[in-house]
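target-v6.txt (compact mmCIF, C-alpha atoms)
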```txt
# COMPACT_ATOMS: atom_id res chain seq x y z
CA PRO A 1 0.36 5.26 -12.28
CA THR A 2 1.37 7.63 -15.09
CA SER A 3 5.00 6.73 -14.37
CA GLY A 4 4.41 3.38 -16.09
CA ASP A 5 6.04 -0.04 -15.65
CA THR A 6 2.93 -1.57 -14.09
CA VAL A 7 2.54 -5.28 -14.88
CA VAL A 8 -0.86 -5.97 -16.48
CA LEU A 9 -2.21 -9.52 -16.77
CA ILE A 10 -4.80 -10.11 -19.50
CA SER A 11 -7.05 -13.15 -19.77
CA GLY A 12 -9.01 -14.09 -22.87
CA ALA A 13 -9.28 -16.61 -25.70
CA ASN A 14 -7.22 -17.59 -28.74
CA PHE A 15 -4.01 -16.00 -27.50
CA TRP A 16 -1.89 -19.06 -28.27
CA SER A 17 -1.37 -18.43 -32.00
CA GLY A 18 0.51 -15.14 -31.76
CA SER A 19 4.01 -14.32 -32.98
CA ASP A 20 4.55 -10.67 -31.95
CA TYR A 21 2.40 -9.78 -28.94
CA ARG A 22 1.62 -6.13 -28.17
CA CYS A 23 -0.56 -4.12 -25.78
CA ARG A 24 -1.89 -0.72 -26.77
CA TYR A 25 -3.13 1.90 -24.33
CA GLY A 26 -5.26 4.31 -26.31
CA ASN A 27 -5.19 4.68 -30.10
CA SER A 28 -1.66 5.94 -30.59
CA GLN A 29 1.14 3.77 -31.96
CA VAL A 30 3.38 5.51 -29.44
CA ASP A 31 1.46 3.75 -26.65
CA LEU A 32 2.47 0.24 -27.73
CA THR A 33 4.31 -2.07 -25.31
CA ALA A 34 5.61 -5.58 -25.84
CA ALA A 35 3.70 -8.49 -24.29
CA THR A 36 4.47 -12.11 -23.51
CA TYR A 37 2.21 -15.15 -23.65
CA SER A 38 1.97 -17.72 -20.83
CA GLU A 39 1.08 -21.18 -22.12
CA GLU A 40 0.48 -22.38 -18.57
CA HIS A 41 -2.18 -19.77 -17.82
CA GLY A 42 -3.28 -18.87 -21.34
CA SER A 43 -2.82 -15.18 -20.56
CA LEU A 44 -0.80 -12.19 -21.71
CA ARG A 45 1.53 -10.11 -19.58
CA CYS A 46 2.64 -6.60 -20.50
CA LEU A 47 3.98 -3.42 -18.94
CA THR A 48 2.35 -0.03 -19.12
CA GLY A 49 4.16 2.82 -20.80
CA THR A 50 4.61 6.32 -19.45
CA LYS A 51 1.64 8.70 -19.74
CA TYR A 52 1.86 12.44 -19.20
CA ASP A 53 -1.75 12.82 -18.07
CA ALA A 54 -4.05 10.87 -15.79
CA GLU A 55 -6.76 9.41 -18.01
CA VAL A 56 -8.85 6.36 -18.83
CA VAL A 57 -7.91 4.70 -22.15
CA GLU A 58 -8.94 1.66 -24.15
CA LEU A 59 -6.72 -1.38 -23.65
CA GLU A 60 -6.25 -3.50 -26.77
CA ILE A 61 -3.98 -6.39 -27.69
CA SER A 62 -2.42 -7.69 -30.89
CA LEU A 63 -0.95 -11.08 -31.69
CA ASN A 64 1.09 -9.76 -34.65
CA SER A 65 1.76 -6.10 -33.68
CA GLN A 66 -0.64 -4.91 -36.44
CA GLN A 67 -4.26 -5.98 -36.00
CA PHE A 68 -5.66 -5.11 -32.58
CA THR A 69 -8.77 -6.12 -30.73
CA SER A 70 -11.50 -3.49 -30.89
CA GLY A 71 -14.84 -2.60 -29.42
CA GLY A 72 -13.78 -0.62 -26.35
CA SER A 73 -14.79 -3.40 -23.98
CA PHE A 74 -11.80 -2.95 -21.70
CA THR A 75 -10.29 0.21 -20.28
CA TYR A 76 -7.20 0.99 -18.22
CA SER A 77 -6.92 3.93 -15.81
CA PHE A 78 -3.72 5.94 -15.55
CA TYR A 79 -3.52 7.96 -12.33
CA ASP A 80 -1.05 10.44 -10.86
CA PRO A 81 1.36 8.66 -8.49
CA PRO A 82 -0.01 8.78 -4.92
CA ALA A 83 2.00 9.91 -1.91
CA VAL A 84 1.91 9.25 1.84
CA THR A 85 2.07 12.36 4.02
CA THR A 86 1.17 11.22 7.56
CA ILE A 87 0.56 8.00 9.47
CA SER A 88 -0.92 7.37 12.92
CA PRO A 89 0.32 5.91 15.11
CA THR A 90 3.95 6.30 14.06
CA GLY A 91 5.11 3.15 15.81
CA GLY A 92 4.07 -0.18 17.30
CA PRO A 93 5.40 -3.31 19.01
CA THR A 94 7.57 -5.85 17.21
CA SER A 95 4.78 -8.42 17.53
CA GLY A 96 2.79 -6.48 14.92
CA GLY A 97 -0.98 -6.02 14.82
CA THR A 98 -0.95 -2.21 15.13
CA LEU A 99 -3.81 -0.61 13.19
CA ILE A 100 -2.34 2.26 11.15
CA ARG A 101 -4.24 5.07 9.44
CA VAL A 102 -2.52 6.61 6.43
CA TRP A 103 -3.16 10.08 5.01
CA GLY A 104 -1.83 11.25 1.68
CA ASP A 105 -2.49 12.44 -1.85
CA GLY A 106 -4.23 10.40 -4.54
CA LEU A 107 -5.10 7.50 -2.27
CA GLY A 108 -8.72 7.28 -3.37
CA ASN A 109 -8.05 6.19 -6.96
CA GLY A 110 -7.25 2.55 -6.23
CA MET A 111 -8.89 -0.85 -6.23
CA VAL A 112 -6.42 -3.24 -4.53
CA TYR A 113 -4.60 -1.68 -1.56
CA ASN A 114 -1.41 -2.85 0.18
CA CYS A 115 0.99 -1.46 2.77
CA SER A 116 4.70 -2.30 2.83
CA PHE A 117 6.98 -2.11 5.86
CA GLY A 118 10.53 -2.19 4.56
CA ALA A 119 11.93 -5.72 4.60
CA ASP A 120 9.25 -6.86 7.06
CA GLY A 121 6.70 -7.57 4.38
CA VAL A 122 3.55 -6.47 2.57
CA VAL A 123 0.06 -6.64 4.07
CA GLY A 124 -3.40 -6.04 2.67
CA ALA A 125 -5.08 -2.71 3.29
CA THR A 126 -8.46 -1.01 2.90
CA TYR A 127 -9.54 2.46 1.86
CA ASP A 128 -12.00 4.39 4.06
CA ALA A 129 -13.88 6.84 1.85
CA SER A 130 -15.43 8.57 4.88
CA ASP A 131 -12.14 10.19 5.86
CA GLY A 132 -9.91 9.48 2.84
CA THR A 133 -7.47 7.25 4.69
CA VAL A 134 -5.89 3.87 4.01
CA ARG A 135 -5.87 1.42 6.93
CA CYS A 136 -3.66 -1.59 7.50
CA ASP A 137 -2.20 -3.68 10.35
CA SER A 138 1.55 -3.76 10.84
CA PRO A 139 3.22 -7.17 10.39
CA SER A 140 5.58 -8.59 12.98
CA THR A 141 9.31 -8.00 12.59
CA ALA A 142 12.29 -10.24 13.24
CA SER A 143 14.57 -7.24 13.88
CA ASP A 144 16.16 -6.83 17.30
CA CYS A 145 14.54 -3.67 18.66
CA SER A 146 15.25 -4.33 22.34
CA SER A 147 17.56 -1.36 22.84
CA SER A 148 16.27 1.13 20.27
CA VAL A 149 13.39 1.78 17.90
CA CYS A 150 13.72 0.08 14.50
CA ASP A 151 12.49 2.49 11.86
CA VAL A 152 11.20 1.21 8.50
CA SER A 153 9.77 3.02 5.52
CA MET A 154 6.00 2.51 5.33
CA GLU A 155 4.61 2.81 1.80
CA VAL A 156 1.23 2.25 0.13
CA ALA A 157 0.18 0.75 -3.21
CA ILE A 158 -3.32 1.35 -4.54
CA ASN A 159 -2.98 -1.25 -7.33
CA SER A 160 -1.22 -3.97 -5.28
CA GLN A 161 2.21 -3.44 -6.87
CA ASP A 162 3.34 0.18 -7.45
CA PHE A 163 4.27 1.52 -4.02
CA THR A 164 4.75 5.12 -3.00
CA THR A 165 8.27 6.38 -2.35
CA SER A 166 7.39 8.86 0.41
CA ASN A 167 9.78 7.42 3.03
CA VAL A 168 7.42 8.02 5.96
CA GLN A 169 8.86 6.14 8.93
CA PHE A 170 7.14 3.59 11.17
CA GLY A 171 9.03 2.60 14.32
CA TYR A 172 9.06 -0.92 15.74
CA TYR A 173 9.82 -1.24 19.45
CA ALA A 174 10.01 -4.01 22.04
CA PRO A 175 6.64 -4.36 23.84
CA PRO A 176 6.68 -2.11 26.94
CA GLN A 177 6.39 -3.67 30.38
CA MET A 178 5.07 -1.97 33.54
CA SER A 179 6.77 -2.79 36.86
CA SER A 180 5.16 -0.27 39.23
CA PHE A 181 3.25 2.99 39.43
CA THR A 182 2.56 5.59 42.09
CA PRO A 183 0.23 6.66 43.59
CA SER A 184 -2.05 3.63 43.45
CA ALA A 185 -5.21 5.65 44.19
CA GLY A 186 -6.57 9.15 43.67
CA ILE A 187 -9.55 11.48 43.89
CA PHE A 188 -12.56 10.26 41.86
CA TYR A 189 -12.72 13.35 39.65
CA GLY A 190 -9.21 12.76 38.35
CA ASN A 191 -6.40 15.21 37.54
CA VAL A 192 -3.93 13.10 39.55
CA THR A 193 -0.41 12.71 38.14
CA VAL A 194 0.67 9.05 38.05
CA GLU A 195 4.31 8.03 37.61
CA VAL A 196 4.87 4.70 35.87
CA ASP A 197 8.09 2.66 35.98
CA GLY A 198 9.00 -0.19 33.66
CA SER A 199 11.08 -1.20 30.68
CA SER A 200 11.08 -0.65 26.91
CA PHE A 201 9.44 2.77 27.20
CA HIS A 202 9.97 5.13 24.25
CA ASP A 203 9.20 8.80 23.71
CA THR A 204 6.58 8.90 20.94
CA ASP A 205 3.75 11.22 19.89
CA ASP A 206 1.17 8.56 20.81
CA LEU A 207 1.88 7.94 24.52
CA GLN A 208 -1.24 7.13 26.54
CA CYS A 209 -2.25 5.73 29.92
CA TRP A 210 -5.35 3.55 30.20
CA PHE A 211 -7.32 3.45 33.43
CA GLY A 212 -9.82 0.62 33.59
CA ARG A 213 -9.93 -1.80 30.70
CA SER A 214 -13.22 -3.31 29.60
CA GLU A 215 -12.99 -6.44 27.43
```
Target encoding structure tokens, full file:
Amino acid sequence: PTSGDTVVLISGANFWSGSDYRCRYGNSQVDLTAATYSEEHGSLRCLTGTKYDAEVVELEISLNSQQFTSGGSFTYSFYDPPAVTTISPTGGPTSGGTLIRVWGDGLGNGMVYNCSFGADGVVGATYDASDGTVRCDSPSTASDCSSSVCDVSMEVAINSQDFTTSNVQFGYYAPPQMSSFTPSAGIFYGNVTVEVDGSSFHDTDDLQCWFGRSE
């Protein structure tokens, strides 16, 4: 994102002989950032600087902070920070596995998508270009949500590391259990009100009853 501080890993050849490693984003000396060399992996690691505009720039490296690679073979894309506006459903059981659709701004600019659920972890995600949503499955949680919903902030990264800060809440709850319902039969054309009793029921925007389950 244009806000910077994204970790960029660069692979190549003949990196080992450097003394003052730098990465340059574009042709300006202002866009220089320090880099470090990993002997174990033979790669460079650097942070992006702050850019005022979303743009695609040449990415170049220097081993002595003066002479840079050239040729325009590699580019880096700065994008406006994305944001999450809505998710559906807004909650799921503590066991995880709830498929969540995420709407927001700037979600289509990514390559490697992830969703984070507070302290409960990060999971892989996919982008659906047909409706502009990100989709991911909620992880399980170790939190005790037996008596109340455990809300966590659900955020999205479109580059696998820089997550949104939208603070849209996803609620974990204990899996609901049915104990009885009445009536047990009704007219074939429907429109019969059925009352269900049980435990761990919660008032959410996604309440549904399912009549007849086909595997």
Axis-aligned box over every listed atom of stretch 131-140 of chain A, padded by 3 Å per side: centre and edges in Å to one decimal, as AutoDock Vina command-line options?
```
--center_x -3.3 --center_y 0.8 --center_z 7.9 --size_x 23.7 --size_y 24.8 --size_z 16.1
```
Exercise for review: Mind checking which residues fall within 7 Å of A:Glu55, counting all atoms listed in the file, ignoring those fewer than 6 positions away in the same chain, and posting them as a ChimeraX atom specification?
Suggested key: /A:77-79
Nearest to A:Asp105, restricted to all atoms listed in the file and choosing among A:Ala83, A:Cys150, A:Val8, A:Ala54, comes out as A:Ala83
Give me, as JSON lines, the closest atom pair and its distance (Å, one decimal) for every residue of stretch 41-62 of chain A within a cut-off of 8 Å of stretch 10-16 of chain A, counting all atoms listed in the file, rows sorted by chain and rising number.
```
{"residue": "A:Gly42", "atom": "CA", "partner": "A:Phe15", "partner_atom": "CA", "distance": 6.8}
{"residue": "A:Ser43", "atom": "CA", "partner": "A:Ser11", "partner_atom": "CA", "distance": 4.8}
{"residue": "A:Leu44", "atom": "CA", "partner": "A:Ile10", "partner_atom": "CA", "distance": 5.0}
{"residue": "A:Arg45", "atom": "CA", "partner": "A:Ile10", "partner_atom": "CA", "distance": 6.3}
```
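Atom CA of A:Val84 lies 8.1 Å from atom CA of A:Thr165.
A straight line drawn from atom CA of A:Tyr76 to atom CA of A:Tyr25 is 7.4 Å long.
With atom CA of A:Pro139 on one side and atom CA of A:Leu99 on the other, the separation reads 10.0 Å.
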Counting all atoms listed in the file, the residue among A:Thr6, A:Ser140, A:Ser70, A:Thr164 that lies closest to A:Thr94 is A:Ser140
For this session: Please work out which residues fall within 7 Å of (2.1, 9.6, 44.2), coordinates as given in the file, with all atoms listed in the file counting, and return them as JSON, numbers by chain.
Result: {"A": [182, 183, 194]}
Atoms to include: C-alpha atoms. Write the selected residues as a CSV table (one decimal), in the coordinates of the input.
```csv
chain,number,residue,atom,x,y,z
A,182,THR,CA,2.6,5.6,42.1
A,183,PRO,CA,0.2,6.7,43.6
A,194,VAL,CA,0.7,9.0,38.0
```
* For A:Asp128, list every protein, DNA or RNA residue within 12 Å, evaluated using only C-alpha atoms, and leave out those in the same chain fewer than 3 positions away; present the list as a PyMOL selection string. => chain A and resi 101-103+107-111+113+125+131-136
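Proximity ranking of A:Thr141, A:Thr193, A:Gln169, A:Thr75 relative to A:Glu155 places A:Gln169 first, based on only C-alpha atoms.
When the distance limit is 8 Å and only C-alpha atoms are what count, the residues near A:Leu47, minus those fewer than 4 positions from it on the same chain, are Gly4, Asp5, Thr6, Val7, Val8, Thr33, Ala34 and Ala35 of chain A.
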Writing out the chosen residues with C-alpha atoms as a JSON list (two decimals), keeping the file's coordinate frame:
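Below is the file out26.json, written as the result:
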```
[["chain", "number", "residue", "atom", "x", "y", "z"],
["A", 4, "GLY", "CA", 4.41, 3.38, -16.09],
["A", 5, "ASP", "CA", 6.04, -0.04, -15.65],
["A", 6, "THR", "CA", 2.93, -1.57, -14.09],
["A", 7, "VAL", "CA", 2.54, -5.28, -14.88],
["A", 8, "VAL", "CA", -0.86, -5.97, -16.48],
["A", 33, "THR", "CA", 4.31, -2.07, -25.31],
["A", 34, "ALA", "CA", 5.61, -5.58, -25.84],
["A", 35, "ALA", "CA", 3.70, -8.49, -24.29]]
```
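With only C-alpha atoms as the atoms that count, the minimum distance from A:Thr85 to the choices A:Val156, A:Leu32, A:Ala119, A:Val168 is reached by A:Val168.
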**Prompt:** Do you know which residues are at most 8 Å from A:Pro176 counting only C-alpha atoms, after dropping those on the same chain fewer than 6 positions away, and could you put them as a ChimeraX atom specification?
**Reply:** /A:198-201
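Nearest residue to A:Gln67, choosing from A:Gly18, A:Pro175, A:Gly121, A:Gly186 and counting all atoms listed in the file: A:Gly18.
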Among A:Arg22, A:His202, A:His41, A:Lys51, A:Asn64 is approached most closely, using only C-alpha atoms, by A:Arg22
Might you pull out every residue within 8 Å of A:Asp80, with only C-alpha atoms counted and same-chain residues fewer than 5 positions away left off, and present them as a VMD selection string? chain A and resid 1 to 3 53 to 54 106
